[in-house]
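Structure file upload19.cif (mmCIF, C-alpha atoms) is printed below.
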data_input
loop_
_atom_site.group_PDB
_atom_site.id
_atom_site.type_symbol
_atom_site.label_atom_id
_atom_site.label_comp_id
_atom_site.auth_asym_id
_atom_site.auth_seq_id
_atom_site.Cartn_x
_atom_site.Cartn_y
_atom_site.Cartn_z
ATOM 1 C CA MET A 1 147.869 -155.412 -38.787
ATOM 2 C CA SER A 2 147.780 -158.502 -36.646
ATOM 3 C CA LEU A 3 149.065 -161.811 -37.929
ATOM 4 C CA THR A 4 145.647 -163.431 -37.730
ATOM 5 C CA LEU A 5 144.045 -160.673 -39.789
ATOM 6 C CA ARG A 6 146.863 -160.902 -42.306
ATOM 7 C CA ALA A 7 146.323 -164.639 -42.611
ATOM 8 C CA LEU A 8 142.573 -164.073 -42.886
ATOM 9 C CA LEU A 9 142.872 -161.703 -45.826
ATOM 10 C CA LYS A 10 144.940 -164.081 -47.939
ATOM 11 C CA SER A 11 141.966 -166.373 -48.354
ATOM 12 C CA PRO A 12 138.848 -165.291 -46.476
ATOM 13 C CA TRP A 13 136.413 -168.138 -46.034
ATOM 14 C CA VAL A 14 132.849 -167.009 -46.131
ATOM 15 C CA PHE A 15 129.845 -168.259 -44.229
ATOM 16 C CA HIS A 16 126.545 -167.249 -45.715
ATOM 17 C CA LEU A 17 123.555 -166.675 -43.434
ATOM 18 C CA SER A 18 120.065 -165.738 -44.512
ATOM 19 C CA THR A 19 118.058 -164.130 -41.708
ATOM 20 C CA GLY A 20 114.697 -164.215 -43.400
ATOM 21 C CA SER A 21 115.542 -162.807 -46.797
ATOM 22 C CA CYS A 22 113.532 -163.337 -49.957
ATOM 23 C CA ASN A 23 116.421 -165.440 -51.389
ATOM 24 C CA ASN A 24 117.242 -162.890 -54.062
ATOM 25 C CA CYS A 25 120.402 -161.713 -52.310
ATOM 26 C CA ASP A 26 121.336 -165.339 -51.708
ATOM 27 C CA ILE A 27 121.039 -166.063 -55.419
ATOM 28 C CA GLU A 28 123.309 -163.107 -56.177
ATOM 29 C CA VAL A 29 125.828 -164.337 -53.604
ATOM 30 C CA LEU A 30 125.832 -167.742 -55.270
ATOM 31 C CA ASP A 31 126.200 -165.995 -58.634
ATOM 32 C CA CYS A 32 129.471 -164.548 -57.379
ATOM 33 C CA LEU A 33 130.833 -168.051 -57.014
ATOM 34 C CA THR A 34 130.045 -169.064 -60.588
ATOM 35 C CA PRO A 35 132.809 -168.976 -63.240
ATOM 36 C CA ARG A 36 131.427 -165.772 -64.786
ATOM 37 C CA PHE A 37 132.098 -163.640 -61.710
ATOM 38 C CA ASP A 38 134.476 -166.034 -59.958
ATOM 39 C CA ILE A 39 134.989 -164.460 -56.551
ATOM 40 C CA GLU A 40 137.322 -167.358 -55.803
ATOM 41 C CA ARG A 41 140.086 -165.407 -57.524
ATOM 42 C CA PHE A 42 140.211 -163.306 -54.338
ATOM 43 C CA GLY A 43 140.587 -166.522 -52.361
ATOM 44 C CA MET A 44 136.996 -166.565 -51.160
ATOM 45 C CA LEU A 45 135.357 -169.896 -50.573
ATOM 46 C CA LEU A 46 132.036 -170.749 -49.028
ATOM 47 C CA ALA A 47 132.662 -172.444 -45.700
ATOM 48 C CA PRO A 48 130.282 -175.183 -44.615
ATOM 49 C CA SER A 49 130.370 -174.184 -40.950
ATOM 50 C CA ILE A 50 130.752 -170.902 -39.107
ATOM 51 C CA LYS A 51 133.581 -172.466 -37.117
ATOM 52 C CA HIS A 52 135.676 -172.593 -40.303
ATOM 53 C CA ALA A 53 134.731 -169.139 -41.513
ATOM 54 C CA ASP A 54 136.450 -165.749 -41.388
ATOM 55 C CA VAL A 55 133.664 -163.710 -42.922
ATOM 56 C CA LEU A 56 129.973 -163.784 -42.006
ATOM 57 C CA LEU A 57 127.750 -162.722 -44.894
ATOM 58 C CA VAL A 58 124.301 -161.722 -43.704
ATOM 59 C CA THR A 59 121.292 -161.247 -45.950
ATOM 60 C CA GLY A 60 117.713 -160.569 -44.892
ATOM 61 C CA SER A 61 115.899 -158.421 -42.420
ATOM 62 C CA CYS A 62 116.861 -160.024 -39.060
ATOM 63 C CA ASN A 63 113.489 -160.933 -37.646
ATOM 64 C CA ARG A 64 112.957 -161.616 -33.974
ATOM 65 C CA LYS A 65 113.597 -165.327 -34.192
ATOM 66 C CA SER A 66 116.600 -165.264 -36.506
ATOM 67 C CA ALA A 67 118.272 -162.458 -34.517
ATOM 68 C CA ILE A 68 118.798 -164.940 -31.661
ATOM 69 C CA ARG A 69 120.384 -167.445 -34.049
ATOM 70 C CA LEU A 70 122.476 -164.705 -35.603
ATOM 71 C CA LYS A 71 123.929 -163.726 -32.236
ATOM 72 C CA ARG A 72 124.639 -167.366 -31.463
ATOM 73 C CA LEU A 73 126.453 -167.818 -34.780
ATOM 74 C CA TYR A 74 128.484 -164.670 -34.236
ATOM 75 C CA GLU A 75 129.574 -165.959 -30.833
ATOM 76 C CA GLN A 76 130.688 -169.236 -32.402
ATOM 77 C CA ALA A 77 132.731 -167.589 -35.137
ATOM 78 C CA PRO A 78 136.496 -167.572 -34.569
ATOM 79 C CA LYS A 79 137.705 -164.010 -34.043
ATOM 80 C CA PRO A 80 138.627 -161.823 -35.845
ATOM 81 C CA CYS A 81 135.373 -162.258 -37.729
ATOM 82 C CA VAL A 82 134.365 -159.784 -40.404
ATOM 83 C CA VAL A 83 130.641 -159.179 -40.878
ATOM 84 C CA VAL A 84 129.282 -158.098 -44.241
ATOM 85 C CA ALA A 85 125.668 -156.984 -44.656
ATOM 86 C CA ILE A 86 124.300 -157.666 -48.117
ATOM 87 C CA GLY A 87 121.153 -156.109 -49.506
ATOM 88 C CA GLU A 88 118.762 -153.406 -48.419
ATOM 89 C CA CYS A 89 116.980 -155.647 -45.892
ATOM 90 C CA SER A 90 120.015 -156.277 -43.751
ATOM 91 C CA LEU A 91 121.205 -152.679 -44.080
ATOM 92 C CA SER A 92 118.042 -150.933 -42.951
ATOM 93 C CA ARG A 93 115.302 -153.589 -43.276
ATOM 94 C CA GLY A 94 114.102 -152.026 -46.538
ATOM 95 C CA MET A 95 110.357 -152.241 -46.903
ATOM 96 C CA PHE A 96 110.072 -154.226 -43.653
ATOM 97 C CA ILE A 97 111.155 -151.319 -41.459
ATOM 98 C CA HIS A 98 107.704 -151.002 -39.863
ATOM 99 C CA SER A 99 107.140 -154.728 -39.603
ATOM 100 C CA TYR A 100 106.192 -156.085 -36.199
ATOM 101 C CA ASN A 101 108.748 -158.820 -36.604
ATOM 102 C CA CYS A 102 111.823 -156.751 -37.534
ATOM 103 C CA PRO A 103 112.593 -154.489 -34.549
ATOM 104 C CA LEU A 104 116.296 -153.792 -35.126
ATOM 105 C CA PRO A 105 118.610 -153.360 -38.103
ATOM 106 C CA LEU A 106 121.567 -155.720 -38.366
ATOM 107 C CA ASP A 107 124.199 -153.260 -37.166
ATOM 108 C CA LYS A 108 122.351 -152.767 -33.882
ATOM 109 C CA ILE A 109 122.570 -156.516 -33.237
ATOM 110 C CA ILE A 110 126.174 -157.323 -34.178
ATOM 111 C CA PRO A 111 129.004 -155.048 -35.395
ATOM 112 C CA VAL A 112 129.090 -154.749 -39.182
ATOM 113 C CA ASP A 113 132.256 -154.042 -41.188
ATOM 114 C CA ALA A 114 130.929 -153.588 -44.700
ATOM 115 C CA TYR A 115 127.585 -152.678 -46.184
ATOM 116 C CA ILE A 116 126.660 -153.659 -49.727
ATOM 117 C CA PRO A 117 123.413 -151.913 -50.731
ATOM 118 C CA GLY A 118 121.041 -152.955 -53.471
ATOM 119 C CA CYS A 119 117.869 -154.937 -53.803
ATOM 120 C CA PRO A 120 119.477 -157.295 -54.641
ATOM 121 C CA PRO A 121 123.052 -156.026 -55.141
ATOM 122 C CA LYS A 122 124.554 -157.101 -58.448
ATOM 123 C CA PRO A 123 127.430 -159.590 -58.288
ATOM 124 C CA GLU A 124 129.708 -156.770 -59.453
ATOM 125 C CA ALA A 125 128.627 -154.731 -56.423
ATOM 126 C CA ILE A 126 129.331 -157.654 -54.122
ATOM 127 C CA ILE A 127 132.815 -158.083 -55.624
ATOM 128 C CA MET A 128 133.365 -154.330 -55.276
ATOM 129 C CA GLY A 129 132.315 -154.569 -51.638
ATOM 130 C CA ALA A 130 134.642 -157.505 -51.045
ATOM 131 C CA VAL A 131 137.590 -155.698 -52.616
ATOM 132 C CA LYS A 132 136.878 -152.534 -50.634
ATOM 133 C CA LEU A 133 136.576 -154.528 -47.445
ATOM 134 C CA ILE A 134 139.960 -156.181 -48.015
ATOM 135 C CA GLN A 135 141.486 -152.781 -48.785
ATOM 136 C CA LYS A 136 139.915 -151.294 -45.668
ATOM 137 C CA LEU A 137 141.277 -154.061 -43.458
ATOM 138 C CA LYS A 138 144.715 -153.741 -45.029
ATOM 139 C CA GLY A 139 144.533 -150.030 -44.399
ATOM 140 C CA THR A 140 145.057 -148.992 -47.996
ATOM 141 C CA LEU A 141 141.648 -147.494 -48.635
ATOM 142 C CA MET B 142 78.898 -184.161 -61.112
ATOM 143 C CA THR B 143 79.150 -180.960 -63.065
ATOM 144 C CA ARG B 144 79.706 -177.510 -61.636
ATOM 145 C CA GLU B 145 76.007 -176.571 -61.778
ATOM 146 C CA GLU B 146 74.940 -179.768 -60.041
ATOM 147 C CA ILE B 147 77.439 -179.274 -57.239
ATOM 148 C CA LEU B 148 76.456 -175.656 -56.643
ATOM 149 C CA LYS B 149 72.768 -176.568 -56.676
ATOM 150 C CA ASP B 150 73.447 -179.391 -54.250
ATOM 151 C CA LEU B 151 75.399 -177.116 -51.910
ATOM 152 C CA LYS B 152 72.735 -174.425 -51.980
ATOM 153 C CA GLN B 153 69.980 -176.903 -51.282
ATOM 154 C CA ARG B 154 71.792 -178.925 -48.633
ATOM 155 C CA PHE B 155 72.953 -175.917 -46.606
ATOM 156 C CA LYS B 156 69.889 -173.718 -47.129
ATOM 157 C CA GLU B 157 69.741 -172.594 -43.494
ATOM 158 C CA ASP B 158 73.494 -172.177 -43.087
ATOM 159 C CA ILE B 159 74.295 -170.008 -46.085
ATOM 160 C CA VAL B 160 74.255 -166.269 -45.418
ATOM 161 C CA ASN B 161 75.412 -165.216 -48.849
ATOM 162 C CA PHE B 162 76.363 -167.060 -52.003
ATOM 163 C CA PHE B 163 78.605 -165.237 -54.453
ATOM 164 C CA ASP B 164 79.331 -166.841 -57.814
ATOM 165 C CA LYS B 165 82.334 -164.743 -58.742
ATOM 166 C CA SER B 166 83.669 -166.423 -61.860
ATOM 167 C CA PRO B 167 83.595 -169.835 -63.550
ATOM 168 C CA LYS B 168 86.494 -170.891 -61.350
ATOM 169 C CA ARG B 169 85.616 -169.227 -58.084
ATOM 170 C CA VAL B 170 82.689 -169.375 -55.661
ATOM 171 C CA TYR B 171 82.400 -167.669 -52.285
ATOM 172 C CA MET B 172 79.994 -169.166 -49.794
ATOM 173 C CA GLU B 173 79.401 -167.159 -46.652
ATOM 174 C CA ILE B 174 78.053 -169.387 -43.896
ATOM 175 C CA LYS B 175 77.155 -169.093 -40.247
ATOM 176 C CA PRO B 176 80.140 -169.792 -37.981
ATOM 177 C CA GLU B 177 78.344 -172.559 -36.077
ATOM 178 C CA SER B 178 77.745 -174.625 -39.213
ATOM 179 C CA LEU B 179 81.344 -174.512 -40.420
ATOM 180 C CA VAL B 180 82.304 -178.048 -39.437
ATOM 181 C CA LYS B 181 79.197 -179.470 -41.116
ATOM 182 C CA CYS B 182 79.813 -177.670 -44.428
ATOM 183 C CA ALA B 183 83.564 -178.193 -44.462
ATOM 184 C CA SER B 184 83.348 -181.902 -43.725
ATOM 185 C CA TYR B 185 80.738 -182.356 -46.440
ATOM 186 C CA ILE B 186 82.883 -180.544 -49.020
ATOM 187 C CA PHE B 187 86.032 -182.348 -47.919
ATOM 188 C CA LYS B 188 84.711 -185.866 -47.403
ATOM 189 C CA GLU B 189 81.732 -186.214 -49.736
ATOM 190 C CA LEU B 190 82.752 -183.922 -52.580
ATOM 191 C CA LYS B 191 86.406 -185.067 -52.290
ATOM 192 C CA ALA B 192 87.733 -181.522 -52.348
ATOM 193 C CA ARG B 193 91.301 -180.606 -51.512
ATOM 194 C CA PHE B 194 91.781 -178.218 -48.582
ATOM 195 C CA ASN B 195 94.180 -175.607 -49.901
ATOM 196 C CA ILE B 196 94.591 -173.126 -47.084
ATOM 197 C CA ALA B 197 92.656 -170.878 -44.774
ATOM 198 C CA SER B 198 93.156 -167.135 -44.691
ATOM 199 C CA GLY B 199 92.204 -164.662 -42.016
ATOM 200 C CA VAL B 200 91.314 -161.017 -42.527
ATOM 201 C CA ASP B 201 90.619 -158.355 -39.939
ATOM 202 C CA SER B 202 88.184 -155.968 -41.575
ATOM 203 C CA ARG B 203 87.245 -153.581 -38.713
ATOM 204 C CA THR B 204 83.643 -154.786 -38.603
ATOM 205 C CA ALA B 205 84.419 -158.479 -38.256
ATOM 206 C CA ILE B 206 87.225 -160.976 -38.395
ATOM 207 C CA GLU B 207 86.755 -163.075 -41.492
ATOM 208 C CA ILE B 208 88.212 -166.494 -42.075
ATOM 209 C CA LEU B 209 88.136 -167.994 -45.539
ATOM 210 C CA TYR B 210 88.622 -171.709 -45.990
ATOM 211 C CA HIS B 211 89.643 -172.440 -49.558
ATOM 212 C CA PHE B 212 88.722 -175.797 -51.059
ATOM 213 C CA SER B 213 89.506 -176.826 -54.598
ATOM 214 C CA LEU B 214 87.418 -179.294 -56.541
ATOM 215 C CA GLU B 215 89.968 -180.309 -59.087
ATOM 216 C CA TYR B 216 87.776 -182.551 -61.225
ATOM 217 C CA ILE B 217 85.605 -179.559 -62.193
ATOM 218 C CA ASN B 218 88.296 -176.895 -61.824
ATOM 219 C CA LEU B 219 86.464 -174.932 -59.149
ATOM 220 C CA LEU B 220 87.647 -173.125 -56.038
ATOM 221 C CA VAL B 221 85.096 -172.925 -53.240
ATOM 222 C CA SER B 222 85.842 -170.502 -50.417
ATOM 223 C CA LEU B 223 83.856 -170.817 -47.227
ATOM 224 C CA ARG B 224 83.679 -167.435 -45.556
ATOM 225 C CA VAL B 225 82.798 -166.979 -41.892
ATOM 226 C CA LYS B 226 82.517 -163.662 -40.100
ATOM 227 C CA LEU B 227 83.375 -163.631 -36.409
ATOM 228 C CA ASN B 228 82.727 -161.106 -33.678
ATOM 229 C CA ARG B 229 85.792 -158.882 -33.242
ATOM 230 C CA ASN B 230 85.533 -158.732 -29.465
ATOM 231 C CA ASN B 231 85.472 -162.468 -28.905
ATOM 232 C CA PRO B 232 86.379 -164.360 -32.086
ATOM 233 C CA GLN B 233 85.597 -168.024 -31.604
ATOM 234 C CA ILE B 234 85.000 -170.837 -34.045
ATOM 235 C CA ASP B 235 85.065 -174.616 -34.075
ATOM 236 C CA SER B 236 88.348 -176.094 -35.170
ATOM 237 C CA LEU B 237 88.638 -178.064 -38.383
ATOM 238 C CA ALA B 238 91.839 -179.818 -37.308
ATOM 239 C CA PRO B 239 89.985 -182.889 -35.942
ATOM 240 C CA VAL B 240 88.294 -183.271 -39.353
ATOM 241 C CA PHE B 241 91.436 -182.980 -41.481
ATOM 242 C CA LYS B 242 95.004 -182.593 -40.339
ATOM 243 C CA GLY B 243 95.858 -179.973 -42.942
ATOM 244 C CA ALA B 244 94.001 -177.359 -40.925
ATOM 245 C CA ASN B 245 96.175 -177.803 -37.850
ATOM 246 C CA TRP B 246 99.068 -175.463 -38.539
ATOM 247 C CA ILE B 247 97.149 -172.729 -40.328
ATOM 248 C CA GLU B 248 94.734 -172.553 -37.391
ATOM 249 C CA ARG B 249 97.681 -172.205 -35.027
ATOM 250 C CA GLU B 250 98.987 -169.369 -37.187
ATOM 251 C CA ILE B 251 95.619 -167.578 -37.359
ATOM 252 C CA HIS B 252 95.307 -168.054 -33.604
ATOM 253 C CA GLU B 253 98.574 -166.308 -32.814
ATOM 254 C CA ILE B 254 98.386 -163.612 -35.461
ATOM 255 C CA LEU B 255 94.691 -162.654 -35.401
ATOM 256 C CA GLY B 256 93.708 -163.976 -31.990
ATOM 257 C CA VAL B 257 90.951 -166.309 -33.115
ATOM 258 C CA ASP B 258 90.098 -169.019 -30.601
ATOM 259 C CA PHE B 259 89.689 -172.382 -32.310
ATOM 260 C CA LYS B 260 87.551 -174.561 -30.082
ATOM 261 C CA GLY B 261 88.515 -178.213 -30.103
ATOM 262 C CA HIS B 262 91.957 -177.734 -31.637
ATOM 263 C CA PRO B 263 94.284 -180.488 -30.361
ATOM 264 C CA ASP B 264 97.370 -178.361 -29.812
ATOM 265 C CA LEU B 265 96.918 -174.595 -29.977
ATOM 266 C CA ARG B 266 100.523 -173.537 -29.354
ATOM 267 C CA ARG B 267 102.357 -170.724 -31.107
ATOM 268 C CA LEU B 268 103.705 -171.529 -34.525
ATOM 269 C CA LEU B 269 105.711 -168.594 -35.864
ATOM 270 C CA LEU B 270 105.888 -165.820 -33.296
ATOM 271 C CA PRO B 271 108.855 -165.743 -30.914
ATOM 272 C CA ASP B 272 108.533 -166.782 -27.283
ATOM 273 C CA GLU B 273 109.015 -163.288 -25.872
ATOM 274 C CA TRP B 274 106.007 -161.975 -27.783
ATOM 275 C CA PRO B 275 103.474 -160.686 -25.188
ATOM 276 C CA LYS B 276 100.175 -162.463 -24.686
ATOM 277 C CA GLY B 277 97.083 -160.817 -26.099
ATOM 278 C CA VAL B 278 98.923 -158.765 -28.742
ATOM 279 C CA TYR B 279 97.942 -159.762 -32.252
ATOM 280 C CA PRO B 280 100.148 -158.260 -34.960
ATOM 281 C CA LEU B 281 97.777 -158.354 -37.929
ATOM 282 C CA ARG B 282 94.794 -156.827 -36.150
ATOM 283 C CA CYS B 283 93.777 -153.354 -37.336
ATOM 284 C CA ASP B 284 94.324 -151.857 -33.882
ATOM 285 C CA TYR B 285 97.832 -153.259 -33.417
ATOM 286 C CA THR B 286 100.256 -150.749 -31.949
ATOM 287 C CA GLU B 287 103.958 -151.074 -31.292
ATOM 288 C CA TRP B 288 104.658 -152.728 -27.942
ATOM 289 C CA ASP B 289 108.432 -153.098 -28.157
ATOM 290 C CA LYS B 290 110.063 -150.046 -26.591
ATOM 291 C CA ASN B 291 113.493 -150.984 -27.988
ATOM 292 C CA ALA B 292 112.420 -151.126 -31.618
ATOM 293 C CA ILE B 293 114.049 -148.638 -33.972
ATOM 294 C CA ARG B 294 111.793 -147.448 -36.755
ATOM 295 C CA ASP B 295 113.924 -144.953 -38.596
ATOM 296 C CA ARG B 296 116.744 -145.461 -41.032
ATOM 297 C CA GLY B 297 119.185 -143.306 -39.134
ATOM 298 C CA VAL B 298 119.655 -140.780 -41.916
#
Structure translated into C-alpha cells:
Amino acid sequence: MSLTLRALLKSPWVFHLSTGSCNNCDIEVLDCLTPRFDIERFGMLLAPSIKHADVLLVTGSCNRKSAIRLKRLYEQAPKPCVVVAIGECSLSRGMFIHSYNCPLPLDKIIPVDAYIPGCPPKPEAIIMGAVKLIQKLKGTL
Amino acid sequence: MTREEILKDLKQRFKEDIVNFFDKSPKRVYMEIKPESLVKCASYIFKELKARFNIASGVDSRTAIEILYHFSLEYINLLVSLRVKLNRNNPQIDSLAPVFKGANWIEREIHEILGVDFKGHPDLRRLLLPDEWPKGVYPLRCDYTEWDKNAIRDRGV
C-alpha cells in the first residue's frame, strides 16, 4: 500500500455530491455524522471542498447536466480519490433507468470503488460500506 | 364577490371564448377556452380578479397538446384552471410572459420539453435541458424515442 493511501485511510475526508437525487440519501449521509451513528469515530469528516477531500460520495442518478459537473469534480480531486456510490439511483439509476435525462450509470462515468445499495441506505449500511471500503483498501477483506 | 358571482361573471364575459366549463368541486373549476383568447381571459383573471398565477402544466394527450394555466383566487378559496388544446402538428399559442413575469420560466420549460411555440415570449431559450440535446426532439411527447446511441438501458445483471 502506498504512503498516500495509508495516510488517506487514517482519516478519510469526505466530499458529498448530489447529482440530482431526491435528497433522501443525502439526509441519511448527514445522519451518519450525528452523534447517534457518529461516523467520525472512523476519522471521517465532511470536507467543504473537493480539493481537500479523499473520498467522493455520490448520490443521485447522474443526469446529463450533472454528469459534466461530476467529471469536473473528479478531475479536481487530489489522487488517490476513492469514489463511493450511495443509493439505488447512483448504482443503477433505480426507477429512472429509462429516463431521457439519465443515459449512463455512475460507474460508466467515473470509476467507483464501493457501492452502497438501498433506497435510501440506512446509516448502518453506510457505516458498513465505509468499514468494508477501508478493509478493501487495506487489503484485509 | 362570492364564488357564484365570479363564475357567473366569467361565463358571461367570455361567452364566445369558452369551449367547455367544468365545475369539478367547490375548490376547483376547469375552463376550456379557445387558444386565441387565452391572453384576454388570463389577463382578466390575473389583473381584474386579482388571482395568483400558480403554474402552468403541459400534457401531451395524443389527440392534442393541452396546456393548463392554474390560477388561485385565495379570497374565495378557488382554483381556476384555464385549459387550451393545441394542434399536435404545429402547437402555437400566445405567450403570457409579457402579461405577468411568473409565466416566463414555465413557458420556456414547456417549450423545450413539449415543443410548444410561445409567440411573443421575450426570451425563449432552453431552461433545463442540456446543450447537446438535439433540436426538434421533445422528451415528454408521446412519440418520443431514444436518440442517444450511447445510452445504457439495462442494469447489467
For chain B, report every residue with an atom at most 8 Å from chain A (counting all atoms listed in the file), formatted as a list in words.
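In the required form, that comes to Leu270, Pro271, Pro280, Glu287, Asp289, Asn291, Ala292, Ile293, Arg294, Asp295 and Arg296 of chain B.
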Fewer than 4 positions away in the same chain doesn't count, so skip those; otherwise give me all residues within 12 Å of Gln135 (chain A), counting only C-alpha atoms, as number ranges by chain.
A: 6, 9-10, 42, 114, 128-131, 139-141
State, in Å with one decimal place, the distance from CA of Tyr285 (chain B) to CA of Asn245 (chain B).
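Taking CA of Tyr285 (chain B) as the start and CA of Asn245 (chain B) as the end point, the length is 25.0 Å.
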Once the PyMOL selection byres ((chain B and resi 249) around 9) has been evaluated on this model, what residues remain selected, and can you format them as a VMD selection string?
chain B and resid 244 to 248 250 to 254 259 262 264 to 269
Report as a list in words the residues that result from applying the PyMOL selection byres ((chain B and resi 170) around 10) to the structure here.
Leu148, Phe162, Phe163, Asp164, Lys165, Ser166, Pro167, Lys168, Arg169, Tyr171, Met172, Glu173, His211, Phe212, Leu219, Leu220, Val221, Ser222 and Leu223 of chain B
Distance CA of Ile86 (chain A)-CA of Leu57 (chain A), one decimal place?
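Distance between the two atoms: 6.9 Å.
Among A:Cys89, A:Ile127, A:Ile109, A:Val58, the residue with the shortest atom-to-atom distance to Leu33 (chain A), counting all atoms listed in the file, is A:Ile127.
At a cut-off of 8 Å from (126.6, -158.3, -46.7), the residue set is A:Leu56, A:Leu57, A:Val58, A:Thr59, A:Val83, A:Val84, A:Ala85, A:Ile86, A:Gly87, A:Ser90, A:Ala114, A:Tyr115, A:Ile116, A:Ile126 (counting all atoms listed in the file).
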Please, what distance in Å, to one decimal, runs between CA of Ala53 (chain A) and CA of Ser2 (chain A)?
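For CA of Ala53 (chain A) relative to CA of Ser2 (chain A), the distance reads 17.5 Å.
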Nearest to Cys62 (chain A) by atom-to-atom distance, counting all atoms listed in the file, from A:Leu8, A:Leu3, A:Leu106, A:Leu46:
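Closest to Cys62 (chain A) of all the choices is A:Leu106.
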Please, could N, CA and C atoms be added to region 123-140 of chain A and the result written as a CSV table (one decimal), in the frame of the given file?
chain,number,residue,atom,x,y,z
A,123,PRO,N,126.2,-158.9,-58.6
A,123,PRO,CA,127.4,-159.6,-58.3
A,123,PRO,C,128.6,-158.7,-58.4
A,124,GLU,N,128.6,-157.7,-59.3
A,124,GLU,CA,129.7,-156.8,-59.5
A,124,GLU,C,129.8,-155.9,-58.2
A,125,ALA,N,128.6,-155.5,-57.6
A,125,ALA,CA,128.6,-154.7,-56.4
A,125,ALA,C,129.2,-155.5,-55.3
A,126,ILE,N,128.8,-156.8,-55.2
A,126,ILE,CA,129.3,-157.7,-54.1
A,126,ILE,C,130.8,-157.8,-54.2
A,127,ILE,N,131.4,-158.0,-55.4
A,127,ILE,CA,132.8,-158.1,-55.6
A,127,ILE,C,133.5,-156.8,-55.2
A,128,MET,N,132.9,-155.7,-55.6
A,128,MET,CA,133.4,-154.3,-55.3
A,128,MET,C,133.4,-154.2,-53.8
A,129,GLY,N,132.4,-154.6,-53.1
A,129,GLY,CA,132.3,-154.6,-51.6
A,129,GLY,C,133.4,-155.4,-51.0
A,130,ALA,N,133.6,-156.6,-51.6
A,130,ALA,CA,134.6,-157.5,-51.0
A,130,ALA,C,136.0,-156.9,-51.2
A,131,VAL,N,136.3,-156.3,-52.4
A,131,VAL,CA,137.6,-155.7,-52.6
A,131,VAL,C,137.8,-154.5,-51.7
A,132,LYS,N,136.8,-153.7,-51.5
A,132,LYS,CA,136.9,-152.5,-50.6
A,132,LYS,C,137.1,-153.0,-49.2
A,133,LEU,N,136.4,-154.0,-48.8
A,133,LEU,CA,136.6,-154.5,-47.4
A,133,LEU,C,138.0,-155.0,-47.2
A,134,ILE,N,138.6,-155.7,-48.2
A,134,ILE,CA,140.0,-156.2,-48.0
A,134,ILE,C,140.9,-155.0,-47.9
A,135,GLN,N,140.6,-154.0,-48.8
A,135,GLN,CA,141.5,-152.8,-48.8
A,135,GLN,C,141.4,-152.0,-47.5
A,136,LYS,N,140.1,-152.0,-46.9
A,136,LYS,CA,139.9,-151.3,-45.7
A,136,LYS,C,140.7,-152.0,-44.5
A,137,LEU,N,140.6,-153.3,-44.5
A,137,LEU,CA,141.3,-154.1,-43.5
A,137,LEU,C,142.8,-154.0,-43.6
A,138,LYS,N,143.3,-153.9,-44.8
A,138,LYS,CA,144.7,-153.7,-45.0
A,138,LYS,C,145.2,-152.3,-44.7
A,139,GLY,N,144.2,-151.4,-44.7
A,139,GLY,CA,144.5,-150.0,-44.4
A,139,GLY,C,145.0,-149.2,-45.6
A,140,THR,N,144.6,-149.7,-46.8
A,140,THR,CA,145.1,-149.0,-48.0
A,140,THR,C,143.9,-148.2,-48.6
